[in-house]
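Q: Handing you this structure, nothing more for now.
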Amino acid sequence: MKYVSTRGQAPSLDFEGVTLAGLASDGGLYVPERWPTFTKAEIAAMAGLPYAELAAKIMQPFVGDCIAPERLLELTREAYGRFSHAAVTPLVQLDERQWLLELFHGPTLAFKDVALQLLGLLFEEFLSKRDDHLTIVGATSGDTGSAAIDAVAGRAKVDIFMLHPHGRVSDVQRRQMTTVLAPNVHNIAIDGSFDDAQAMVKRMFNDGAMTSRFGIAAVNSINWARLMAQVVYYFAAALQLGAPERRVAFSVPTGNFGDVFAGYVAAQMGLPIERLIVATNINDILHRALSTGDYSAGTVTPTAAPSMDIQVSSNFERLLYDAGGRDGAAILAQMKQFESAKAMQLTNAQREASAALFTSARADAAEMAKAMRWAYESCAEVLDPHTAIGLHAARVAEGLAADVPVVTLATAHPAKFGDAVERATGVRPGLPSRVGDLFEREEAYTRLPGDYDTIAAWIAERATPRVR
Ligand SMILES: Cc1ncc(COP(=O)(O)O)c(C=O)c1O
Ligand SMILES: N[C@@H](CCOP(=O)(O)O)C(=O)O
């Protein structure tokens, strides 16, 4: 399998190449040159497989001959062996129609673990064959950071520098990152928003002074391997609900458009997905883009669902590229327009192709709290704020046939956002024992101004140069 850049100017790479490269050299994002597909019979035959086996089967076409099938299965078994639920991503029924897909049973209690536990192993797998060193530079609005740090802390040949927006992640999220005191882990709290942090990370991939000295790699959903691993749970959930004979809809709390793009990929591979509902908080660039064609970033407003406080949605570029006919030159022009004006319009082709699968909804603070209360009072389920936004969108979705089940992706454990959950429901969810003494541990992080040169210099002083 080869991968091409959405901006059409970077060299195509194999799976190992894209996993280690992160952002393409033309500033674009890598996507497979074609979508692998499964027939209905092949999908039906996947029903009942243990999660690790299902994962290896679905990911093998993307991995190609970079990893042998039996080795890939060993890696997925190791990655998902660290989850606290035997099903890895269990489904929970709320009422006749609504379901939750719990994605928070990994080590850091959010859906990011599903991909990052595997990505840590993939880095090690590929680095074991080369004498090289990776400098991971990432941006987080709270959850990617801890999941990535957990996946690579203490690993040889890897340093991780994680940027989070100072004061804009929950206490649990911050401590899950800053209490990991391994020598290869560096946490930076920047003055600014997640969007500022993400822009700096992308800039670093195109900074010749940095890329010539360090092997810069990505753990954000810039990295194709992240999305590939997230495709699997759409299959797992739909198979349990009767796919491929029955169509299923998914409601996905969305910020950087990675998780829901993985659903789009599942649909391209043949999974009968009726609809993907893109659920946003009041930072609603995606809701506006999908409902009106206006992709324009306002300022980010902090909310009780901080991981979705995003106004520049990195993976939307992948959808615009694929849905708009895979014209790299046109995407390059469109993204340049967005980068300079912070606004652009979707083309008619992009709007029509997106509308065939996606709808969207936005939840404000009151709607989010109401969804949390409904789940608690009517279904005895305590939801985190992000999941509650997804559930709100699932419940207001229009035009779905009555027999289509709607699965909301439960992206984080409620205890990561205890204050917001308690405000809405009166219940304070306890932290699972696996994160135990989080509030007694020592923290270490550095606060830096949201200025690219300062941050690049700080990283350059501490990172290990690549081996040549
Ligand atoms: C808990 C939670 N829910 C939802 C999202 C949004 O996911 P995505 O950025 O893939 O759209 C995030 C951040 O990525 C998150 O951490
Ligand atoms: N919500 C994310 C933001 C980063 O998104 P990613 O999926 O591109 O890593 C977070 O929690 O950090």
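Scheme for the structure tokens: letters A, B, ... for chains in order shown; per-chain residue numbers from 1; ligand numbers from 1 in order shown.
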Could you give me, as a tab-separated table, every chain A residue with an atom at most 10 Å from ligand 1, plus its closest atom pair and distance in Å to one decimal, counting only C-alpha atoms and all ligand atoms, rows ordered by chain then number?

A:
```
residue	atom	partner	partner_atom_place_in_ligand_line	distance
A:Leu103	CA	ligand 1	1 (C)	9.4
A:Phe104	CA	ligand 1	1 (C)	8.8
A:Leu109	CA	ligand 1	1 (C)	9.0
A:Ala110	CA	ligand 1	1 (C)	5.9
A:Phe111	CA	ligand 1	1 (C)	6.9
A:Lys112	CA	ligand 1	16 (O)	7.1
A:Thr140	CA	ligand 1	13 (C)	8.0
A:Ser141	CA	ligand 1	13 (C)	6.8
A:Gly142	CA	ligand 1	16 (O)	6.2
A:Asp143	CA	ligand 1	16 (O)	4.6
A:Thr144	CA	ligand 1	16 (O)	6.6
A:Gly145	CA	ligand 1	16 (O)	9.4
A:Ala147	CA	ligand 1	16 (O)	9.9
A:Gln173	CA	ligand 1	16 (O)	9.6
A:Asn220	CA	ligand 1	14 (O)	8.9
A:Ser221	CA	ligand 1	10 (O)	7.3
A:Arg226	CA	ligand 1	10 (O)	9.6
A:Leu227	CA	ligand 1	10 (O)	8.6
A:Gln230	CA	ligand 1	10 (O)	9.3
A:Val252	CA	ligand 1	4 (C)	7.4
A:Pro253	CA	ligand 1	4 (C)	4.8
A:Thr254	CA	ligand 1	11 (O)	3.5
A:Gly255	CA	ligand 1	11 (O)	3.7
A:Asn256	CA	ligand 1	9 (O)	3.4
A:Phe257	CA	ligand 1	11 (O)	3.7
A:Gly258	CA	ligand 1	10 (O)	3.6
A:Asp259	CA	ligand 1	10 (O)	3.8
A:Val260	CA	ligand 1	11 (O)	6.2
A:Phe261	CA	ligand 1	10 (O)	7.8
A:Ala262	CA	ligand 1	10 (O)	8.6
A:Val278	CA	ligand 1	11 (O)	8.6
A:Ala279	CA	ligand 1	11 (O)	9.0
A:Thr280	CA	ligand 1	6 (C)	8.6
A:Leu286	CA	ligand 1	11 (O)	9.7
A:Ala305	CA	ligand 1	1 (C)	7.6
A:Pro306	CA	ligand 1	16 (O)	7.9
A:Ser307	CA	ligand 1	16 (O)	4.5
A:Met308	CA	ligand 1	6 (C)	5.3
A:Asp309	CA	ligand 1	13 (C)	8.6
A:Ile310	CA	ligand 1	9 (O)	8.1
A:Ser313	CA	ligand 1	9 (O)	7.6
A:Ser314	CA	ligand 1	9 (O)	8.4
A:Asn315	CA	ligand 1	11 (O)	8.2
A:Phe316	CA	ligand 1	11 (O)	9.4
A:Asp384	CA	ligand 1	1 (C)	7.8
A:Pro385	CA	ligand 1	1 (C)	8.0
A:His386	CA	ligand 1	3 (N)	5.0
A:Thr387	CA	ligand 1	3 (N)	6.7
A:Ala388	CA	ligand 1	3 (N)	9.8
A:Ile389	CA	ligand 1	3 (N)	9.2
A:Gly390	CA	ligand 1	4 (C)	8.7
A:Leu409	CA	ligand 1	3 (N)	8.4
A:Ala410	CA	ligand 1	3 (N)	7.6
A:Thr411	CA	ligand 1	1 (C)	4.6
A:Ala412	CA	ligand 1	1 (C)	4.5
A:His413	CA	ligand 1	1 (C)	8.0
A:Pro414	CA	ligand 1	1 (C)	9.3
A:Lys416	CA	ligand 1	1 (C)	8.9
A:Phe417	CA	ligand 1	1 (C)	9.5
```

Q: Name all residues at most 9 Å from Arg34 of chain A (count only C-alpha atoms; drop same-chain ones fewer than 5 positions away) and give them as a list in words.

A: Met1, Lys2 and Tyr3 of chain A

Q: Would you export the selected residues with N, CA and C atoms as a PDB file, in the first residue's frame, please?

A:
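Final output, saved to result-v5.pdb:
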```pdb
ATOM      1  N   MET A   1       0.839  -1.194   0.000  1.00  0.00           N
ATOM      2  CA  MET A   1       0.000   0.000   0.000  1.00  0.00           C
ATOM      3  C   MET A   1       0.881   1.254   0.000  1.00  0.00           C
ATOM      4  N   LYS A   2       0.579   2.176  -0.903  1.00  0.00           N
ATOM      5  CA  LYS A   2       1.294   3.455  -0.939  1.00  0.00           C
ATOM      6  C   LYS A   2       0.393   4.554  -0.389  1.00  0.00           C
ATOM      7  N   TYR A   3       1.019   5.580   0.121  1.00  0.00           N
ATOM      8  CA  TYR A   3       0.289   6.723   0.677  1.00  0.00           C
ATOM      9  C   TYR A   3       0.669   7.991  -0.067  1.00  0.00           C
TER      10      TYR A   3
END
```

Q: Give me the residues near Asp150 of chain A as a ChimeraX atom specification, where near means some atom within 9 Å (using only C-alpha atoms) and where sequence neighbours in that chain fewer than 5 positions away do not count.

A: /A:107-108,113,116-117,120,145,176-177,180

Q: Separation of atom CA of Ala243 of chain A and atom CA of Ala44 of chain A, in Å?

A: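 Computing it gives 7.2 Å between the two atoms.
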
Q: Give me the residues near segment 75-82 of chain A as an MDAnalysis selection string, where near means some atom within 12 Å (using only C-alpha atoms) and where sequence neighbours in that chain fewer than 6 positions away do not count.

A: chainID A and resid 50:60 67:69 88:89 103:109 113:125 150:151 229 232 434

Q: Save out the residues we just selected, N, CA and C atoms, as a tab-separated table (two decimals), in the first residue's frame.

A:
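Printed below is again-v6.tsv as written:
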```tsv
chain	number	residue	atom	x	y	z
A	50	PRO	N	-12.16	-11.99	18.40
A	50	PRO	CA	-11.62	-11.17	19.48
A	50	PRO	C	-11.08	-9.85	18.90
A	51	TYR	N	-11.10	-8.79	19.70
A	51	TYR	CA	-10.78	-7.45	19.19
A	51	TYR	C	-9.40	-7.42	18.51
A	52	ALA	N	-8.40	-8.05	19.13
A	52	ALA	CA	-7.04	-7.98	18.56
A	52	ALA	C	-6.98	-8.64	17.19
A	53	GLU	N	-7.75	-9.72	17.02
A	53	GLU	CA	-7.76	-10.39	15.71
A	53	GLU	C	-8.48	-9.55	14.66
A	54	LEU	N	-9.59	-8.97	15.09
A	54	LEU	CA	-10.33	-8.09	14.17
A	54	LEU	C	-9.43	-6.93	13.73
A	55	ALA	N	-8.71	-6.37	14.70
A	55	ALA	CA	-7.84	-5.22	14.41
A	55	ALA	C	-6.78	-5.62	13.38
A	56	ALA	N	-6.15	-6.76	13.57
A	56	ALA	CA	-5.09	-7.17	12.64
A	56	ALA	C	-5.66	-7.39	11.24
A	57	LYS	N	-6.86	-7.97	11.18
A	57	LYS	CA	-7.48	-8.24	9.87
A	57	LYS	C	-7.81	-6.93	9.13
A	58	ILE	N	-8.35	-5.97	9.86
A	58	ILE	CA	-8.76	-4.72	9.21
A	58	ILE	C	-7.55	-3.87	8.84
A	59	MET	N	-6.51	-3.94	9.66
A	59	MET	CA	-5.36	-3.06	9.40
A	59	MET	C	-4.36	-3.65	8.39
A	60	GLN	N	-4.38	-4.97	8.19
A	60	GLN	CA	-3.37	-5.58	7.32
A	60	GLN	C	-3.29	-4.93	5.93
A	67	ILE	N	4.73	-5.16	7.61
A	67	ILE	CA	4.73	-6.04	8.79
A	67	ILE	C	3.99	-7.31	8.39
A	68	ALA	N	4.56	-8.46	8.69
A	68	ALA	CA	3.92	-9.74	8.34
A	68	ALA	C	2.64	-9.92	9.17
A	69	PRO	N	1.62	-10.61	8.61
A	69	PRO	CA	0.35	-10.76	9.33
A	69	PRO	C	0.50	-11.33	10.74
A	88	VAL	N	-12.39	-4.85	24.99
A	88	VAL	CA	-11.59	-3.67	24.62
A	88	VAL	C	-12.48	-2.44	24.45
A	89	THR	N	-13.45	-2.49	23.52
A	89	THR	CA	-14.35	-1.34	23.31
A	89	THR	C	-15.80	-1.84	23.44
A	103	LEU	N	-14.96	3.71	24.76
A	103	LEU	CA	-13.61	3.67	24.19
A	103	LEU	C	-12.55	4.06	25.23
A	104	PHE	N	-12.96	4.02	26.52
A	104	PHE	CA	-12.07	4.59	27.54
A	104	PHE	C	-11.51	3.55	28.51
A	105	HIS	N	-11.37	2.32	28.06
A	105	HIS	CA	-10.86	1.29	28.97
A	105	HIS	C	-9.35	1.07	28.85
A	106	GLY	N	-8.68	1.96	28.17
A	106	GLY	CA	-7.21	1.87	28.06
A	106	GLY	C	-6.53	2.54	29.24
A	107	PRO	N	-5.19	2.54	29.26
A	107	PRO	CA	-4.44	3.02	30.42
A	107	PRO	C	-4.70	4.48	30.80
A	108	THR	N	-5.04	5.36	29.84
A	108	THR	CA	-5.22	6.77	30.22
A	108	THR	C	-6.67	7.22	30.10
A	109	LEU	N	-7.58	6.28	29.94
A	109	LEU	CA	-9.02	6.54	30.09
A	109	LEU	C	-9.65	7.39	28.99
A	113	ASP	N	-6.12	5.96	23.57
A	113	ASP	CA	-5.30	4.78	23.87
A	113	ASP	C	-5.45	3.70	22.80
A	114	VAL	N	-6.62	3.62	22.17
A	114	VAL	CA	-6.85	2.55	21.20
A	114	VAL	C	-5.80	2.63	20.09
A	115	ALA	N	-5.51	3.84	19.65
A	115	ALA	CA	-4.51	3.97	18.58
A	115	ALA	C	-3.10	4.12	19.13
A	116	LEU	N	-2.97	4.85	20.24
A	116	LEU	CA	-1.60	5.17	20.67
A	116	LEU	C	-0.87	4.01	21.32
A	117	GLN	N	-1.62	3.10	21.96
A	117	GLN	CA	-0.94	1.91	22.48
A	117	GLN	C	-0.29	1.15	21.33
A	118	LEU	N	-0.97	1.09	20.20
A	118	LEU	CA	-0.41	0.40	19.04
A	118	LEU	C	0.71	1.23	18.40
A	119	LEU	N	0.50	2.54	18.31
A	119	LEU	CA	1.51	3.37	17.65
A	119	LEU	C	2.86	3.30	18.38
A	120	GLY	N	2.82	3.27	19.71
A	120	GLY	CA	4.08	3.14	20.47
A	120	GLY	C	4.82	1.87	20.05
A	121	LEU	N	4.08	0.79	19.87
A	121	LEU	CA	4.71	-0.48	19.46
A	121	LEU	C	5.20	-0.41	18.01
A	122	LEU	N	4.45	0.29	17.17
A	122	LEU	CA	4.88	0.42	15.76
A	122	LEU	C	6.19	1.21	15.66
A	123	PHE	N	6.29	2.28	16.45
A	123	PHE	CA	7.54	3.05	16.44
A	123	PHE	C	8.71	2.12	16.81
A	124	GLU	N	8.50	1.36	17.89
A	124	GLU	CA	9.58	0.48	18.35
A	124	GLU	C	9.92	-0.57	17.28
A	125	GLU	N	8.87	-1.11	16.67
A	125	GLU	CA	9.06	-2.14	15.64
A	125	GLU	C	9.93	-1.60	14.49
A	150	ASP	N	2.04	7.82	27.78
A	150	ASP	CA	1.97	6.46	28.33
A	150	ASP	C	2.56	5.44	27.34
A	151	ALA	N	2.32	5.68	26.06
A	151	ALA	CA	2.75	4.71	25.05
A	151	ALA	C	4.26	4.73	24.81
A	229	ALA	N	-5.94	2.72	13.20
A	229	ALA	CA	-6.31	1.91	14.36
A	229	ALA	C	-7.72	2.25	14.84
A	232	VAL	N	-11.03	0.38	13.41
A	232	VAL	CA	-11.41	-0.96	13.87
A	232	VAL	C	-12.67	-0.95	14.73
A	434	ARG	N	-6.61	2.18	38.33
A	434	ARG	CA	-5.38	2.13	37.51
A	434	ARG	C	-4.67	3.48	37.44
```

Q: Taking only C-alpha atoms and all ligand atoms into account, name the residue in A:Ala87, A:Met200, A:Ala45, A:Met162 that is nearest to ligand 2.

A: A:Met162

Q: Please measure the separation of atom CA of Ile455 of chain A and atom CA of Val201 of chain A, giving the value in Å to one decimal.

A: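 Taking atom CA of Ile455 of chain A as the start and atom CA of Val201 of chain A as the end point, the length is 9.9 Å.
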
Q: Calculated over only C-alpha atoms, which of the candidates A:Met210, A:Gly138, A:Asn184, A:Ala361 has the smallest distance to Ala457 of chain A?

A: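 The answer is A:Met210, which sits nearest to Ala457 of chain A.
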